[in-house]
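Scroll down for the structure; my scribbles are underneath it.
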Amino acid sequence: MIGQGAAVSIITELDDIDALVRLYRARVLRYVAFSIGDHDLAETITQDCFLKAYSGRATFRGECAVSTWLFSIANNLIRDQLRTQKFHFWRRARATSIDVHEMASFLPNCESSAETSMLARERLRLVSEAVEKLSVNQRKVFIMKFSEELELSEIAFATGMPLNTVKTHLRRAISAIRAKLGERS
Amino acid sequence: MMTPGSHHLTNDQFTEMIVTGVIDEACEKHLAGCELCREELTAFSDSVGLFSTTSLAWSESKPAESLRVAAHKQVRRAVYVPLRWAVAAAVVIGVAIPVWNYDHRATITAVADAAAATSDSPAEIAQDNQLLQSVNVALSTEESSPLPEYRLLDDSDVSGRSSPRPDSRRQ
């Protein structure tokens with residue numbers, strides 16, 4: 001729970017839409033993009049998410065962090081999108097899916113050796129492929145846990161899932177990724 | 001519980017450790033003595049960390065459209081899309097009505113022309129009547145028949161004789 005003073009400062013933070021976008025856009029975009037596996041659609045959903053957040057900022061009561069609140073809005077938009085026929089069509093076409101090779105160009109360059117760099121690429125490829133094969137819910141939970149580092153209770157709040165369901169999805173996601181990484185060794 | 005035979009962490013133990021972030025006493029002891037399980041845990045953590053870092057860098061590289069512009073676009077979309085449909089409908093109606101009208105008028109004209117072709121004007125009728133009358137006049141001023149001369153006619157023939165006359169045309 002957030003105190004009254006903190007809640008007021010959060011509301012002020014929400015009033016500045018440009019600052020809000022600057023602060024959270026990359027995280028929301030990553031979450032949406034890897035949840036649905038479509039980059040173009042993720043851009044649209046992320047934009048809609050911020051517009052919704054801004055227009056509904058008065059309803060934010062400070063029960064959770066702003067990022068968690070944004071993820072919950074994004075989740076609703078993803079759910080709506082998944083129901084549409086258009087999404088299923090484009091998913092089959094996979095015209096704008098995220099390219100692992102493109103993503104690999106963003107690997108952190110730590111002045112590592114060629115061997116380490118290759119190993120990192122291979123690991124990234126394996127995790128990306130494993131993530132792609134997870135169900136949408138497993139992906140959501142996985143990204144929130146490992147990329148956003150949210151607590152299980154926060155994930156449950158943002159996704160609207162019971163805590164035990166979150167744990168189940170997470171266990172399955174971890175098993176799948178572990179199995180994929182095991183293919184290498 | 002360790003996996004019997006292999007004496008390594010089970011998938012459940014491994015997963016539970018990662019999900020909860022809590023390492024129980026038995027697992028901790030095992031990890032302290034098992035390099036393979038330690039390595040696997042580290043490899044998992046490193047790989048997932050690498051994915052997170054790289055995916056965030058990828059996401060940050062995507063240019064953000066100004067939300068104000070996006071909001072304006074959304075408003076414009078909400079106004080212009082129905083407007084475009086309305087204009088399209090107006091164009092279709094604007095084209096369809098004159099075409100229909102033209103076809104309809106052409107049909108009416110064709111029917112009227114056909115009707116006009118079958119009926120004569122009063123002037124033509126009067127002209128026809130005049131012609132018939134002149135024929136009558138011509139017939140009435142007949143030449144004397146040779147029959148009386150040869151006494152071939154009865155009286156009744158003489159008195160009742162009538163020349164065939166064309167009727168006048170009625171309007």
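Labels for the structure tokens follow display order: chains A, B, ..., residues from 1 in each chain, ligands from 1.
For Leu36 of chain B, the set of protein, DNA and RNA residues having any atom at most 12 Å away, when counting only C-alpha atoms and skipping those fewer than 4 positions along the same chain, is Ser185 of chain A; Ser6, His7, His8, Leu9, His30, Leu31, Ala32, Glu40, Leu41, Thr42 and Ala43 of chain B.
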Write out, as a JSON list (two decimals), in the first residue's frame, the residues just selected, with N, CA and C atoms.
[["chain", "number", "residue", "atom", "x", "y", "z"],
["A", 185, "SER", "N", 23.78, -28.63, -23.87],
["A", 185, "SER", "CA", 24.83, -29.35, -23.15],
["A", 185, "SER", "C", 24.82, -30.84, -23.43],
["B", 6, "SER", "N", 21.02, -40.46, -9.82],
["B", 6, "SER", "CA", 21.88, -39.37, -10.28],
["B", 6, "SER", "C", 22.33, -38.48, -9.12],
["B", 7, "HIS", "N", 21.50, -38.43, -8.10],
["B", 7, "HIS", "CA", 21.79, -37.59, -6.92],
["B", 7, "HIS", "C", 21.93, -36.12, -7.27],
["B", 8, "HIS", "N", 21.14, -35.71, -8.24],
["B", 8, "HIS", "CA", 21.11, -34.28, -8.60],
["B", 8, "HIS", "C", 19.74, -33.71, -8.23],
["B", 9, "LEU", "N", 19.63, -32.42, -8.33],
["B", 9, "LEU", "CA", 18.35, -31.77, -8.00],
["B", 9, "LEU", "C", 17.28, -32.21, -9.02],
["B", 30, "HIS", "N", 23.14, -29.66, -1.16],
["B", 30, "HIS", "CA", 23.47, -30.34, -2.43],
["B", 30, "HIS", "C", 24.25, -29.41, -3.36],
["B", 31, "LEU", "N", 23.75, -28.20, -3.46],
["B", 31, "LEU", "CA", 24.42, -27.23, -4.35],
["B", 31, "LEU", "C", 25.86, -26.96, -3.92],
["B", 32, "ALA", "N", 26.07, -26.99, -2.62],
["B", 32, "ALA", "CA", 27.43, -26.73, -2.11],
["B", 32, "ALA", "C", 28.40, -27.81, -2.59],
["B", 40, "GLU", "N", 24.34, -25.49, -13.66],
["B", 40, "GLU", "CA", 23.06, -25.41, -14.37],
["B", 40, "GLU", "C", 22.22, -24.25, -13.87],
["B", 41, "LEU", "N", 22.25, -24.07, -12.56],
["B", 41, "LEU", "CA", 21.50, -22.95, -11.98],
["B", 41, "LEU", "C", 22.07, -21.62, -12.47],
["B", 42, "THR", "N", 23.37, -21.54, -12.50],
["B", 42, "THR", "CA", 24.02, -20.31, -12.98],
["B", 42, "THR", "C", 23.73, -20.09, -14.46],
["B", 43, "ALA", "N", 23.78, -21.18, -15.24],
["B", 43, "ALA", "CA", 23.53, -21.06, -16.70],
["B", 43, "ALA", "C", 22.10, -20.58, -16.95]]
- Task: Do a neighbour search on Glu60 of chain B at 9 Å with only C-alpha atoms, toss out local chain neighbours closer than 5 positions, and write the hits as a list in words.
- Result: Arg25, Ala26, Arg27, Leu29 and Arg30 of chain A; Ser55 of chain B
Apply DSSP to the backbone of this structure and, from segment 11-140 of chain A, keep only the residues in alpha helix (DSSP H); write these as a PDB file with C-alpha atoms, in the first residue's frame.
ATOM      1  CA  ILE A  11      -0.943  11.167  -9.650  1.00  0.00           C
ATOM      2  CA  THR A  12       1.267  14.118 -10.529  1.00  0.00           C
ATOM      3  CA  GLU A  13       3.605  11.681 -12.290  1.00  0.00           C
ATOM      4  CA  LEU A  14       0.659  10.325 -14.267  1.00  0.00           C
ATOM      5  CA  ASP A  15      -0.334  13.844 -15.305  1.00  0.00           C
ATOM      6  CA  ILE A  17       2.201  11.924 -20.126  1.00  0.00           C
ATOM      7  CA  ASP A  18       5.563  12.508 -21.808  1.00  0.00           C
ATOM      8  CA  ALA A  19       7.468  11.606 -18.653  1.00  0.00           C
ATOM      9  CA  LEU A  20       5.288   8.545 -18.217  1.00  0.00           C
ATOM     10  CA  VAL A  21       6.084   7.354 -21.711  1.00  0.00           C
ATOM     11  CA  ARG A  22       9.766   8.122 -21.321  1.00  0.00           C
ATOM     12  CA  LEU A  23       9.948   6.167 -18.101  1.00  0.00           C
ATOM     13  CA  TYR A  24       7.904   3.082 -18.871  1.00  0.00           C
ATOM     14  CA  ARG A  25       7.469   2.717 -22.637  1.00  0.00           C
ATOM     15  CA  ALA A  26      10.402   0.369 -23.270  1.00  0.00           C
ATOM     16  CA  ARG A  27       9.333  -1.970 -20.475  1.00  0.00           C
ATOM     17  CA  VAL A  28       5.695  -2.044 -21.522  1.00  0.00           C
ATOM     18  CA  LEU A  29       6.660  -2.533 -25.166  1.00  0.00           C
ATOM     19  CA  ARG A  30       8.972  -5.425 -24.269  1.00  0.00           C
ATOM     20  CA  TYR A  31       6.301  -7.021 -22.130  1.00  0.00           C
ATOM     21  CA  VAL A  32       3.635  -6.756 -24.829  1.00  0.00           C
ATOM     22  CA  ALA A  33       5.956  -7.671 -27.719  1.00  0.00           C
ATOM     23  CA  PHE A  34       7.230 -10.857 -26.101  1.00  0.00           C
ATOM     24  CA  SER A  35       3.820 -11.789 -24.744  1.00  0.00           C
ATOM     25  CA  ILE A  36       2.113 -11.732 -28.121  1.00  0.00           C
ATOM     26  CA  HIS A  39       6.277  -6.325 -32.870  1.00  0.00           C
ATOM     27  CA  ASP A  40       3.900  -4.112 -34.893  1.00  0.00           C
ATOM     28  CA  LEU A  41       0.873  -5.041 -32.868  1.00  0.00           C
ATOM     29  CA  ALA A  42       2.880  -4.530 -29.683  1.00  0.00           C
ATOM     30  CA  GLU A  43       3.607  -0.925 -30.714  1.00  0.00           C
ATOM     31  CA  THR A  44      -0.094  -0.239 -31.177  1.00  0.00           C
ATOM     32  CA  ILE A  45      -1.057  -1.907 -27.895  1.00  0.00           C
ATOM     33  CA  THR A  46       1.674  -0.044 -26.011  1.00  0.00           C
ATOM     34  CA  GLN A  47       0.440   3.259 -27.400  1.00  0.00           C
ATOM     35  CA  ASP A  48      -3.149   2.419 -26.503  1.00  0.00           C
ATOM     36  CA  CYS A  49      -1.980   1.372 -23.048  1.00  0.00           C
ATOM     37  CA  PHE A  50      -0.487   4.813 -22.338  1.00  0.00           C
ATOM     38  CA  LEU A  51      -3.498   6.620 -23.764  1.00  0.00           C
ATOM     39  CA  LYS A  52      -5.784   4.550 -21.559  1.00  0.00           C
ATOM     40  CA  ALA A  53      -3.573   5.087 -18.548  1.00  0.00           C
ATOM     41  CA  TYR A  54      -3.542   8.823 -19.125  1.00  0.00           C
ATOM     42  CA  SER A  55      -7.278   9.125 -19.664  1.00  0.00           C
ATOM     43  CA  VAL A  66       2.676   2.511 -11.647  1.00  0.00           C
ATOM     44  CA  SER A  67       4.483  -0.125 -13.726  1.00  0.00           C
ATOM     45  CA  THR A  68       2.240  -2.898 -12.349  1.00  0.00           C
ATOM     46  CA  TRP A  69      -0.819  -0.781 -13.106  1.00  0.00           C
ATOM     47  CA  LEU A  70       0.430  -0.191 -16.646  1.00  0.00           C
ATOM     48  CA  PHE A  71       1.035  -3.927 -17.086  1.00  0.00           C
ATOM     49  CA  SER A  72      -2.511  -4.652 -15.966  1.00  0.00           C
ATOM     50  CA  ILE A  73      -3.864  -2.194 -18.575  1.00  0.00           C
ATOM     51  CA  ALA A  74      -1.600  -3.750 -21.217  1.00  0.00           C
ATOM     52  CA  ASN A  75      -2.878  -7.165 -20.176  1.00  0.00           C
ATOM     53  CA  ASN A  76      -6.483  -6.169 -20.781  1.00  0.00           C
ATOM     54  CA  LEU A  77      -5.555  -4.820 -24.198  1.00  0.00           C
ATOM     55  CA  ILE A  78      -3.646  -8.006 -25.037  1.00  0.00           C
ATOM     56  CA  ARG A  79      -6.635 -10.107 -23.951  1.00  0.00           C
ATOM     57  CA  ASP A  80      -8.967  -8.051 -26.162  1.00  0.00           C
ATOM     58  CA  GLN A  81      -6.557  -8.365 -29.069  1.00  0.00           C
ATOM     59  CA  LEU A  82      -6.173 -12.120 -28.680  1.00  0.00           C
ATOM     60  CA  ARG A  83      -9.909 -12.524 -29.084  1.00  0.00           C
ATOM     61  CA  GLN A  85      -9.879 -12.839 -35.729  1.00  0.00           C
ATOM     62  CA  LYS A  86      -7.472 -10.300 -37.145  1.00  0.00           C
ATOM     63  CA  PHE A  87      -4.864 -11.259 -34.562  1.00  0.00           C
ATOM     64  CA  HIS A  88      -5.162 -14.955 -35.396  1.00  0.00           C
ATOM     65  CA  PHE A  89      -4.781 -14.157 -39.075  1.00  0.00           C
ATOM     66  CA  TRP A  90      -1.617 -12.130 -38.577  1.00  0.00           C
ATOM     67  CA  ARG A  91      -0.283 -14.663 -36.123  1.00  0.00           C
ATOM     68  CA  ARG A  92      -0.592 -17.320 -38.810  1.00  0.00           C
ATOM     69  CA  ALA A  93       1.012 -15.008 -41.341  1.00  0.00           C
ATOM     70  CA  VAL A 100      16.002 -13.262 -32.947  1.00  0.00           C
ATOM     71  CA  HIS A 101      18.928 -12.212 -35.150  1.00  0.00           C
ATOM     72  CA  GLU A 102      17.863  -8.577 -34.922  1.00  0.00           C
ATOM     73  CA  MET A 103      17.594  -8.931 -31.167  1.00  0.00           C
ATOM     74  CA  ALA A 104      21.049 -10.513 -30.990  1.00  0.00           C
ATOM     75  CA  ALA A 114      34.654 -14.310 -29.684  1.00  0.00           C
ATOM     76  CA  GLU A 115      33.885 -17.563 -27.915  1.00  0.00           C
ATOM     77  CA  THR A 116      31.995 -15.878 -25.066  1.00  0.00           C
ATOM     78  CA  SER A 117      30.125 -13.731 -27.550  1.00  0.00           C
ATOM     79  CA  MET A 118      29.099 -16.793 -29.548  1.00  0.00           C
ATOM     80  CA  LEU A 119      28.023 -18.569 -26.397  1.00  0.00           C
ATOM     81  CA  ALA A 120      25.897 -15.570 -25.422  1.00  0.00           C
ATOM     82  CA  ARG A 121      24.267 -15.529 -28.870  1.00  0.00           C
ATOM     83  CA  GLU A 122      23.508 -19.199 -28.611  1.00  0.00           C
ATOM     84  CA  ARG A 123      21.985 -18.806 -25.162  1.00  0.00           C
ATOM     85  CA  LEU A 124      19.883 -15.890 -26.328  1.00  0.00           C
ATOM     86  CA  ARG A 125      18.657 -17.890 -29.311  1.00  0.00           C
ATOM     87  CA  LEU A 126      17.703 -20.848 -27.128  1.00  0.00           C
ATOM     88  CA  VAL A 127      15.821 -18.740 -24.577  1.00  0.00           C
ATOM     89  CA  SER A 128      14.051 -16.770 -27.352  1.00  0.00           C
ATOM     90  CA  GLU A 129      12.981 -19.955 -29.092  1.00  0.00           C
ATOM     91  CA  ALA A 130      11.795 -21.470 -25.823  1.00  0.00           C
ATOM     92  CA  VAL A 131       9.853 -18.302 -24.936  1.00  0.00           C
ATOM     93  CA  GLU A 132       8.244 -18.287 -28.376  1.00  0.00           C
ATOM     94  CA  LYS A 133       6.937 -21.797 -27.823  1.00  0.00           C
ATOM     95  CA  VAL A 136       0.690 -16.559 -23.939  1.00  0.00           C
ATOM     96  CA  ASN A 137       0.010 -16.804 -20.208  1.00  0.00           C
ATOM     97  CA  GLN A 138       3.284 -18.595 -19.543  1.00  0.00           C
ATOM     98  CA  ARG A 139       5.134 -15.910 -21.501  1.00  0.00           C
ATOM     99  CA  LYS A 140       3.410 -13.101 -19.616  1.00  0.00           C
TER     100      LYS A 140
END
Please report as an mmCIF file with N, CA and C atoms, in the first residue's frame which residues of chain B come no farther than 12 Å from chain A, using only C-alpha atoms.
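iface.cif, written as the output of this step:
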data_model
loop_
_atom_site.group_PDB
_atom_site.id
_atom_site.type_symbol
_atom_site.label_atom_id
_atom_site.label_comp_id
_atom_site.auth_asym_id
_atom_site.auth_seq_id
_atom_site.Cartn_x
_atom_site.Cartn_y
_atom_site.Cartn_z
ATOM 1 N N THR B 10 16.090 -32.451 -8.532
ATOM 2 C CA THR B 10 15.002 -32.814 -9.456
ATOM 3 C C THR B 10 14.491 -31.548 -10.159
ATOM 4 N N ASN B 11 13.715 -31.784 -11.180
ATOM 5 C CA ASN B 11 13.144 -30.637 -11.912
ATOM 6 C C ASN B 11 12.251 -29.807 -10.986
ATOM 7 N N ASP B 12 11.485 -30.498 -10.134
ATOM 8 C CA ASP B 12 10.591 -29.790 -9.198
ATOM 9 C C ASP B 12 11.383 -28.932 -8.217
ATOM 10 N N GLN B 13 12.462 -29.515 -7.703
ATOM 11 C CA GLN B 13 13.283 -28.761 -6.737
ATOM 12 C C GLN B 13 13.921 -27.544 -7.418
ATOM 13 N N PHE B 14 14.398 -27.795 -8.593
ATOM 14 C CA PHE B 14 15.046 -26.733 -9.364
ATOM 15 C C PHE B 14 14.051 -25.598 -9.633
ATOM 16 N N THR B 15 12.875 -26.008 -10.125
ATOM 17 C CA THR B 15 11.842 -25.019 -10.481
ATOM 18 C C THR B 15 11.366 -24.262 -9.250
ATOM 19 N N GLU B 16 11.116 -24.998 -8.170
ATOM 20 C CA GLU B 16 10.611 -24.368 -6.943
ATOM 21 C C GLU B 16 11.606 -23.334 -6.415
ATOM 22 N N MET B 17 12.865 -23.691 -6.543
ATOM 23 C CA MET B 17 13.935 -22.810 -6.077
ATOM 24 C C MET B 17 13.910 -21.478 -6.846
ATOM 25 N N ILE B 18 13.676 -21.601 -8.147
ATOM 26 C CA ILE B 18 13.668 -20.398 -8.993
ATOM 27 C C ILE B 18 12.376 -19.598 -8.788
ATOM 28 N N VAL B 19 11.249 -20.315 -8.680
ATOM 29 C CA VAL B 19 9.956 -19.619 -8.536
ATOM 30 C C VAL B 19 9.909 -18.838 -7.228
ATOM 31 N N THR B 20 10.251 -19.505 -6.146
ATOM 32 C CA THR B 20 10.123 -18.850 -4.830
ATOM 33 C C THR B 20 11.356 -18.030 -4.464
ATOM 34 N N GLY B 21 12.474 -18.393 -5.051
ATOM 35 C CA GLY B 21 13.714 -17.694 -4.697
ATOM 36 C C GLY B 21 14.243 -18.145 -3.342
ATOM 37 N N LEU B 36 27.809 -29.583 -10.950
ATOM 38 C CA LEU B 36 26.948 -29.680 -12.139
ATOM 39 C C LEU B 36 25.631 -28.916 -11.916
ATOM 40 N N CYS B 37 25.006 -29.141 -10.766
ATOM 41 C CA CYS B 37 23.732 -28.453 -10.458
ATOM 42 C C CYS B 37 23.962 -26.951 -10.295
ATOM 43 N N GLU B 39 26.293 -25.207 -11.725
ATOM 44 C CA GLU B 39 26.527 -24.678 -13.078
ATOM 45 C C GLU B 39 25.213 -24.504 -13.839
ATOM 46 N N GLU B 40 24.341 -25.489 -13.657
ATOM 47 C CA GLU B 40 23.060 -25.413 -14.374
ATOM 48 C C GLU B 40 22.217 -24.247 -13.866
ATOM 49 N N LEU B 41 22.248 -24.071 -12.564
ATOM 50 C CA LEU B 41 21.499 -22.948 -11.980
ATOM 51 C C LEU B 41 22.068 -21.615 -12.475
ATOM 52 N N THR B 42 23.367 -21.540 -12.504
ATOM 53 C CA THR B 42 24.024 -20.308 -12.978
ATOM 54 C C THR B 42 23.728 -20.089 -14.458
ATOM 55 N N ALA B 43 23.780 -21.177 -15.244
ATOM 56 C CA ALA B 43 23.532 -21.063 -16.695
ATOM 57 C C ALA B 43 22.102 -20.585 -16.948
ATOM 58 N N PHE B 44 21.178 -21.114 -16.180
ATOM 59 C CA PHE B 44 19.777 -20.702 -16.349
ATOM 60 C C PHE B 44 19.641 -19.215 -16.032
ATOM 61 N N SER B 45 20.179 -18.850 -14.887
ATOM 62 C CA SER B 45 20.079 -17.453 -14.432
ATOM 63 C C SER B 45 20.752 -16.492 -15.431
ATOM 64 N N ASP B 46 21.925 -16.880 -15.910
ATOM 65 C CA ASP B 46 22.656 -16.030 -16.868
ATOM 66 C C ASP B 46 21.890 -15.900 -18.184
ATOM 67 N N SER B 47 21.362 -17.026 -18.664
ATOM 68 C CA SER B 47 20.666 -17.024 -19.958
ATOM 69 C C SER B 47 19.406 -16.159 -19.895
ATOM 70 N N VAL B 48 18.658 -16.317 -18.812
ATOM 71 C CA VAL B 48 17.423 -15.535 -18.659
ATOM 72 C C VAL B 48 17.770 -14.050 -18.477
ATOM 73 N N GLY B 49 18.851 -13.794 -17.742
ATOM 74 C CA GLY B 49 19.308 -12.410 -17.547
ATOM 75 C C GLY B 49 19.719 -11.774 -18.872
ATOM 76 N N LEU B 50 20.394 -12.563 -19.690
ATOM 77 C CA LEU B 50 20.838 -12.098 -21.007
ATOM 78 C C LEU B 50 19.629 -11.761 -21.884
ATOM 79 N N PHE B 51 18.642 -12.614 -21.812
ATOM 80 C CA PHE B 51 17.398 -12.395 -22.577
ATOM 81 C C PHE B 51 16.733 -11.084 -22.140
ATOM 82 N N SER B 52 16.694 -10.873 -20.823
ATOM 83 C CA SER B 52 16.050 -9.655 -20.290
ATOM 84 C C SER B 52 16.783 -8.398 -20.723
ATOM 85 N N THR B 53 18.092 -8.425 -20.574
ATOM 86 C CA THR B 53 18.899 -7.245 -20.932
ATOM 87 C C THR B 53 18.768 -6.931 -22.424
ATOM 88 N N THR B 54 18.879 -7.979 -23.233
ATOM 89 C CA THR B 54 18.852 -7.781 -24.686
ATOM 90 C C THR B 54 17.472 -7.344 -25.159
ATOM 91 N N SER B 55 16.446 -7.956 -24.589
ATOM 92 C CA SER B 55 15.091 -7.595 -25.024
ATOM 93 C C SER B 55 14.755 -6.157 -24.639
ATOM 94 N N LEU B 56 15.285 -5.705 -23.493
ATOM 95 C CA LEU B 56 15.033 -4.312 -23.096
ATOM 96 C C LEU B 56 15.770 -3.349 -24.032
ATOM 97 N N ALA B 57 17.013 -3.722 -24.387
ATOM 98 C CA ALA B 57 17.791 -2.888 -25.320
ATOM 99 C C ALA B 57 17.072 -2.823 -26.668
ATOM 100 N N TRP B 58 16.534 -3.954 -27.097
ATOM 101 C CA TRP B 58 15.773 -4.015 -28.363
ATOM 102 C C TRP B 58 14.558 -3.087 -28.289
ATOM 103 N N SER B 59 13.871 -3.181 -27.165
ATOM 104 C CA SER B 59 12.655 -2.371 -26.964
ATOM 105 C C SER B 59 12.979 -0.878 -26.925
ATOM 106 N N GLU B 60 14.097 -0.552 -26.258
ATOM 107 C CA GLU B 60 14.499 0.863 -26.163
ATOM 108 C C GLU B 60 14.894 1.429 -27.527
ATOM 109 N N SER B 61 15.348 0.549 -28.406
ATOM 110 C CA SER B 61 15.786 1.022 -29.735
ATOM 111 C C SER B 61 14.608 1.391 -30.633
ATOM 112 N N LYS B 62 13.416 0.963 -30.278
ATOM 113 C CA LYS B 62 12.243 1.247 -31.112
ATOM 114 C C LYS B 62 11.804 2.692 -30.895
ATOM 115 N N PRO B 63 11.752 3.473 -31.967
ATOM 116 C CA PRO B 63 11.397 4.893 -31.792
ATOM 117 C C PRO B 63 9.959 5.039 -31.299
ATOM 118 N N ALA B 64 9.806 5.960 -30.367
ATOM 119 C CA ALA B 64 8.468 6.181 -29.805
ATOM 120 C C ALA B 64 7.791 7.346 -30.515
ATOM 121 N N GLU B 65 6.580 7.117 -30.948
ATOM 122 C CA GLU B 65 5.814 8.213 -31.540
ATOM 123 C C GLU B 65 5.240 9.043 -30.383
ATOM 124 N N SER B 66 5.248 10.348 -30.566
ATOM 125 C CA SER B 66 4.702 11.203 -29.509
ATOM 126 C C SER B 66 3.252 10.800 -29.232
ATOM 127 N N LEU B 67 2.965 10.669 -27.946
ATOM 128 C CA LEU B 67 1.626 10.222 -27.568
ATOM 129 C C LEU B 67 0.567 11.268 -27.918
ATOM 130 N N ARG B 68 0.988 12.536 -27.907
ATOM 131 C CA ARG B 68 0.043 13.604 -28.286
ATOM 132 C C ARG B 68 -0.352 13.438 -29.758
ATOM 133 N N VAL B 69 0.675 13.145 -30.575
ATOM 134 C CA VAL B 69 0.413 12.920 -32.007
ATOM 135 C C VAL B 69 -0.494 11.696 -32.171
ATOM 136 N N ALA B 70 -0.172 10.642 -31.401
ATOM 137 C CA ALA B 70 -0.965 9.410 -31.483
ATOM 138 C C ALA B 70 -2.414 9.663 -31.071
ATOM 139 N N ALA B 71 -2.570 10.486 -30.010
ATOM 140 C CA ALA B 71 -3.926 10.798 -29.542
ATOM 141 C C ALA B 71 -4.691 11.576 -30.608
ATOM 142 N N HIS B 72 -3.987 12.532 -31.233
ATOM 143 C CA HIS B 72 -4.614 13.307 -32.319
ATOM 144 C C HIS B 72 -5.017 12.397 -33.461
ATOM 145 N N LYS B 73 -4.098 11.451 -33.774
ATOM 146 C CA LYS B 73 -4.367 10.509 -34.868
ATOM 147 C C LYS B 73 -5.597 9.683 -34.547
ATOM 148 N N GLN B 74 -5.677 9.271 -33.274
ATOM 149 C CA GLN B 74 -6.805 8.434 -32.856
ATOM 150 C C GLN B 74 -8.124 9.204 -32.998
ATOM 151 N N VAL B 75 -8.070 10.485 -32.592
ATOM 152 C CA VAL B 75 -9.270 11.316 -32.712
ATOM 153 C C VAL B 75 -9.636 11.492 -34.179
#
- Message: Report, in Å to a single decimal, how far apart atom CA of Ala90 of chain B and atom CA of Thr109 of chain B are.
- Response: 28.3 Å
- Point-to-point distance from atom CA of Thr84 of chain A to atom CA of Leu134 of chain A, Å rounded to tenths: 20.1 Å
- Here atom CA of Pro122 of chain B and atom CA of Ala138 of chain B stand apart by 24.4 Å
